[in-house]
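Shown here: my_file.txt, compact mmCIF, C-alpha atoms.
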# COMPACT_ATOMS: atom_id res chain seq x y z
CA MET A 163 15.51 12.94 7.26
CA SER A 164 16.92 10.47 4.73
CA HIS A 165 15.39 7.01 4.58
CA SER A 166 17.63 4.26 3.29
CA GLY A 167 15.24 1.31 3.32
CA PRO A 168 13.06 -0.20 0.64
CA ILE A 169 9.91 1.13 -0.97
CA VAL A 170 7.09 -0.44 1.08
CA ILE A 171 4.16 -1.37 -1.14
CA GLY A 172 0.82 -2.25 0.47
CA PHE A 173 -0.74 -5.03 -1.60
CA ASP A 174 -4.19 -6.58 -1.17
CA GLY A 175 -4.53 -8.11 -4.64
CA SER A 176 -7.13 -5.60 -5.80
CA GLU A 177 -7.11 -3.84 -9.16
CA ALA A 178 -6.11 -0.64 -7.34
CA ALA A 179 -3.14 -2.38 -5.70
CA GLU A 180 -1.95 -3.88 -8.99
CA HIS A 181 -2.29 -0.48 -10.68
CA ALA A 182 -0.30 1.11 -7.83
CA VAL A 183 2.57 -1.36 -8.32
CA ARG A 184 2.75 -0.64 -12.06
CA ALA A 185 2.48 3.14 -11.61
CA ALA A 186 5.11 3.18 -8.85
CA GLY A 187 7.43 1.17 -11.09
CA GLU A 188 7.36 3.98 -13.61
CA LEU A 189 8.55 6.40 -10.91
CA LEU A 190 10.75 4.28 -8.67
CA ARG A 191 12.06 1.34 -10.71
CA GLY A 192 15.43 -0.09 -9.84
CA ARG A 193 14.88 0.42 -6.13
CA PRO A 194 14.46 -2.36 -3.58
CA ALA A 195 10.82 -2.91 -2.66
CA LEU A 196 9.00 -4.83 0.03
CA VAL A 197 5.49 -5.86 -1.03
CA VAL A 198 3.41 -6.26 2.12
CA SER A 199 0.13 -8.16 2.43
CA VAL A 200 -1.55 -7.83 5.80
CA TYR A 201 -3.80 -10.48 7.29
CA LYS A 202 -5.67 -10.52 10.55
CA ALA A 203 -4.41 -13.05 13.08
CA GLY A 204 -6.93 -14.58 15.41
CA ILE A 205 -9.99 -14.53 13.14
CA GLY A 206 -10.26 -18.33 13.25
CA PHE A 207 -10.29 -18.25 17.03
CA GLU A 208 -12.88 -15.48 17.11
CA LEU A 209 -15.12 -17.78 15.06
CA VAL A 210 -14.75 -20.46 17.74
CA GLU A 211 -16.14 -18.00 20.28
CA LEU A 212 -18.77 -16.38 18.07
CA PRO A 213 -22.07 -16.38 19.99
CA THR A 214 -24.36 -17.32 17.11
CA ALA A 215 -27.38 -17.89 19.35
CA SER A 216 -27.42 -14.21 20.35
CA ILE A 217 -28.00 -13.21 16.71
CA GLY A 218 -30.73 -15.76 16.12
CA LEU A 219 -28.66 -18.41 14.38
CA PRO A 220 -28.32 -22.02 15.47
CA PRO A 221 -25.00 -22.84 17.15
CA ALA A 222 -22.21 -23.37 14.65
CA PRO A 223 -19.47 -25.03 16.67
CA ILE A 224 -15.99 -24.63 15.24
CA ASP A 225 -13.37 -26.65 17.03
CA VAL A 226 -9.85 -25.46 17.76
CA ARG A 227 -8.40 -27.63 14.99
CA THR A 228 -10.64 -25.88 12.46
CA ALA A 229 -9.63 -22.49 13.87
CA VAL A 230 -5.97 -23.41 13.45
CA GLU A 231 -6.67 -24.48 9.85
CA VAL A 232 -8.40 -21.13 9.18
CA GLU A 233 -5.38 -19.30 10.61
CA GLN A 234 -2.97 -21.34 8.48
CA GLU A 235 -5.03 -20.73 5.34
CA LEU A 236 -5.10 -16.97 6.02
CA ALA A 237 -1.32 -16.91 6.48
CA GLU A 238 -0.72 -18.99 3.34
CA ARG A 239 -3.11 -16.85 1.31
CA ALA A 240 -1.38 -13.66 2.48
CA GLN A 241 2.02 -15.14 1.60
CA ARG A 242 0.78 -16.12 -1.90
CA LEU A 243 -0.67 -12.62 -2.32
CA ALA A 244 2.60 -10.99 -1.24
CA GLY A 245 4.49 -13.28 -3.65
CA HIS A 246 2.17 -12.32 -6.50
CA GLY A 247 2.60 -8.63 -5.66
CA ALA A 248 6.39 -9.05 -5.55
CA GLU A 249 6.31 -10.72 -8.97
CA LEU A 250 4.31 -7.78 -10.36
CA ALA A 251 6.76 -5.37 -8.72
CA ARG A 252 9.73 -7.14 -10.33
CA LYS A 253 8.01 -6.88 -13.72
CA ALA A 254 7.51 -3.16 -13.00
CA GLY A 255 11.25 -2.75 -12.42
CA PHE A 256 11.67 -3.14 -8.65
CA GLU A 257 14.08 -5.45 -6.84
CA ALA A 258 11.15 -6.87 -4.87
CA GLU A 259 10.39 -9.38 -2.18
CA GLY A 260 7.02 -10.25 -0.69
CA MET A 261 6.14 -10.33 2.98
CA ALA A 262 2.94 -11.40 4.72
CA VAL A 263 2.33 -9.63 8.02
CA ALA A 264 -0.07 -10.81 10.70
CA ASP A 265 -1.67 -8.23 12.92
CA GLU A 266 -4.47 -8.16 15.45
CA VAL A 267 -8.02 -7.97 14.15
CA ASP A 268 -8.63 -4.56 15.72
CA VAL A 269 -5.45 -2.94 14.30
CA PRO A 270 -6.15 -1.03 11.07
CA VAL A 271 -4.23 -2.19 7.98
CA ALA A 272 -2.83 1.34 7.55
CA GLU A 273 -1.26 1.17 11.01
CA THR A 274 0.36 -2.17 10.20
CA LEU A 275 1.79 -0.82 6.92
CA VAL A 276 3.13 2.30 8.63
CA ASN A 277 4.74 0.16 11.35
CA VAL A 278 6.51 -1.94 8.69
CA ALA A 279 7.69 1.25 6.97
CA ARG A 280 9.11 2.54 10.28
CA GLU A 281 10.80 -0.76 11.12
CA ARG A 282 12.39 -0.97 7.66
CA ASP A 283 13.28 2.77 7.46
CA ALA A 284 11.28 2.91 4.21
CA ALA A 285 12.37 5.41 1.58
CA ALA A 286 8.71 5.71 0.50
CA MET A 287 5.39 3.92 0.66
CA VAL A 288 3.04 2.98 -2.18
CA VAL A 289 -0.69 2.32 -1.81
CA GLY A 290 -3.58 2.04 -4.20
CA ALA A 291 -6.77 4.05 -3.81
CA HIS A 292 -9.96 2.09 -4.31
CA GLY A 293 -12.84 3.73 -6.11
CA HIS A 294 -15.13 3.71 -3.08
CA GLY A 295 -17.65 6.49 -2.75
CA ARG A 296 -17.60 9.08 -0.02
CA LEU A 297 -20.20 7.23 2.09
CA SER A 298 -18.30 3.93 2.15
CA GLU A 299 -15.07 5.77 2.98
CA THR A 300 -16.85 7.44 5.89
CA LEU A 301 -18.24 4.13 7.13
CA LEU A 302 -15.31 1.84 6.34
CA GLY A 303 -12.39 4.23 6.52
CA SER A 304 -9.72 4.71 3.95
CA THR A 305 -6.41 2.89 4.25
CA TRP A 306 -4.57 5.22 1.89
CA ARG A 307 -5.69 8.33 3.78
CA ASP A 308 -4.62 6.84 7.10
CA VAL A 309 -1.25 5.87 5.58
CA ILE A 310 -0.72 9.45 4.38
CA ARG A 311 -1.53 10.83 7.84
CA ARG A 312 0.83 8.50 9.70
CA ALA A 313 3.62 7.64 7.27
CA PRO A 314 7.20 8.32 8.33
CA CYS A 315 8.22 8.86 4.69
CA PRO A 316 6.80 10.09 1.36
CA VAL A 317 3.71 8.23 0.10
CA VAL A 318 2.75 7.53 -3.51
CA VAL A 319 -1.00 6.99 -3.89
CA SER A 320 -2.14 5.55 -7.19
CA ARG A 321 -5.78 5.83 -8.12
CA VAL A 322 -7.50 3.73 -10.74
CA ALA A 323 -9.40 6.03 -13.09
CA ASP A 324 -13.18 5.75 -12.96
CA SER A 325 -14.60 3.77 -15.86
CA ASP A 326 -17.50 6.15 -16.51
With the file now loaded, output its structure as structure tokens.
Amino acid sequence: MSHSGPIVIGFDGSEAAEHAVRAAGELLRGRPALVVSVYKAGIGFELVELPTASIGLPPAPIDVRTAVEVEQELAERAQRLAGHGAELARKAGFEAEGMAVADEVDVPVAETLVNVARERDAAAMVVGAHGHGRLSETLLGSTWRDVIRRAPCPVVVSRVADSD
């Protein structure tokens, strides 16, 4: 199956993500790229409902206006991050644009990235591998592994070399 869309690059601003953009540029430069930063919609409103008394903390009321401000800040931060990633991608040789994507809190980032790749008929996906240990990957999951398992197209995984 031939995919005619852009290279979808997952970008969270980490060292691994920046390394992935540069490494992918060496392989795929000149191609259109969509640099995607995912943020979780609804976190501000979950804070409004957080039952702090049940965990032994005094009530910390957050009004709806504050929740909306939190949501706006998350969206703006994700857009700035996507813009920064797109700028790095252009320097690496891509024809890049940035895109912030909101998804539900309980939807894994990998699933969101794969959905964007499907919707855009991505030619390939690029993700960075963080240097987490085996235990933290077991507890927290691994976005790049989940992307590989679900991707509708080839995936380039770039790993930052260990410093030791």
For region 288-291 of chain A: contacts at 6 Å, only C-alpha atoms, fewer than 3 positions along chain excluded, given as a ChimeraX atom specification: /A:171-172,178-179,182,317-321
Selected residue of minimal separation from Arg242 (chain A) among A:Arg227, A:Ser199, A:Ala286, A:Glu257, counting only C-alpha atoms: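 Going through A:Arg227, A:Ser199, A:Ala286, A:Glu257 one by one, the smallest distance to Arg242 (chain A) is for A:Ser199.
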Residue neighbourhood Pro168 (chain A), 8 Å, all atoms listed in the file, exclusion window fewer than 5 positions, as a PyMOL selection string: chain A and resi 193-196+282-286
Val200 (chain A) surroundings by all atoms listed in the file, 12 Å radius, close-in-sequence under 5 positions cut, as a PyMOL selection string: chain A and resi 171-175+236-244+260-267+269-278+305
Counting all atoms listed in the file, the option among A:Asp308, A:Arg184, A:His292, A:Arg280 closest to Gly167 (chain A): A:Arg280
Interatomic distance (Å, one decimal) between CA of Val197 (chain A) and CA of Glu233 (chain A):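 Straight-line distance from CA of Val197 (chain A) to CA of Glu233 (chain A) works out to 20.8 Å.
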Atom pair CA of Val183 (chain A) / CA of Ala254 (chain A): separation (Å): 7.0 Å
Atom pair CA of Arg307 (chain A) / CA of Tyr201 (chain A): separation (Å): 19.2 Å
Output as lines of an AutoDock Vina configuration file the centre and edge lengths (Å, one decimal) of the box along x, y and z of the file that holds every listed atom of region 268-280 of chain A after adding 4 Å on each side.
center_x = 0.2
center_y = -1.0
center_z = 11.3
size_x = 25.7
size_y = 15.1
size_z = 16.8
Pick from A:Asp225, A:Pro316, A:His165, A:Gly255 nearest to Ala185 (chain A), counting all atoms listed in the file: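 Residue with the minimum atom-to-atom distance to Ala185 (chain A): A:Gly255.
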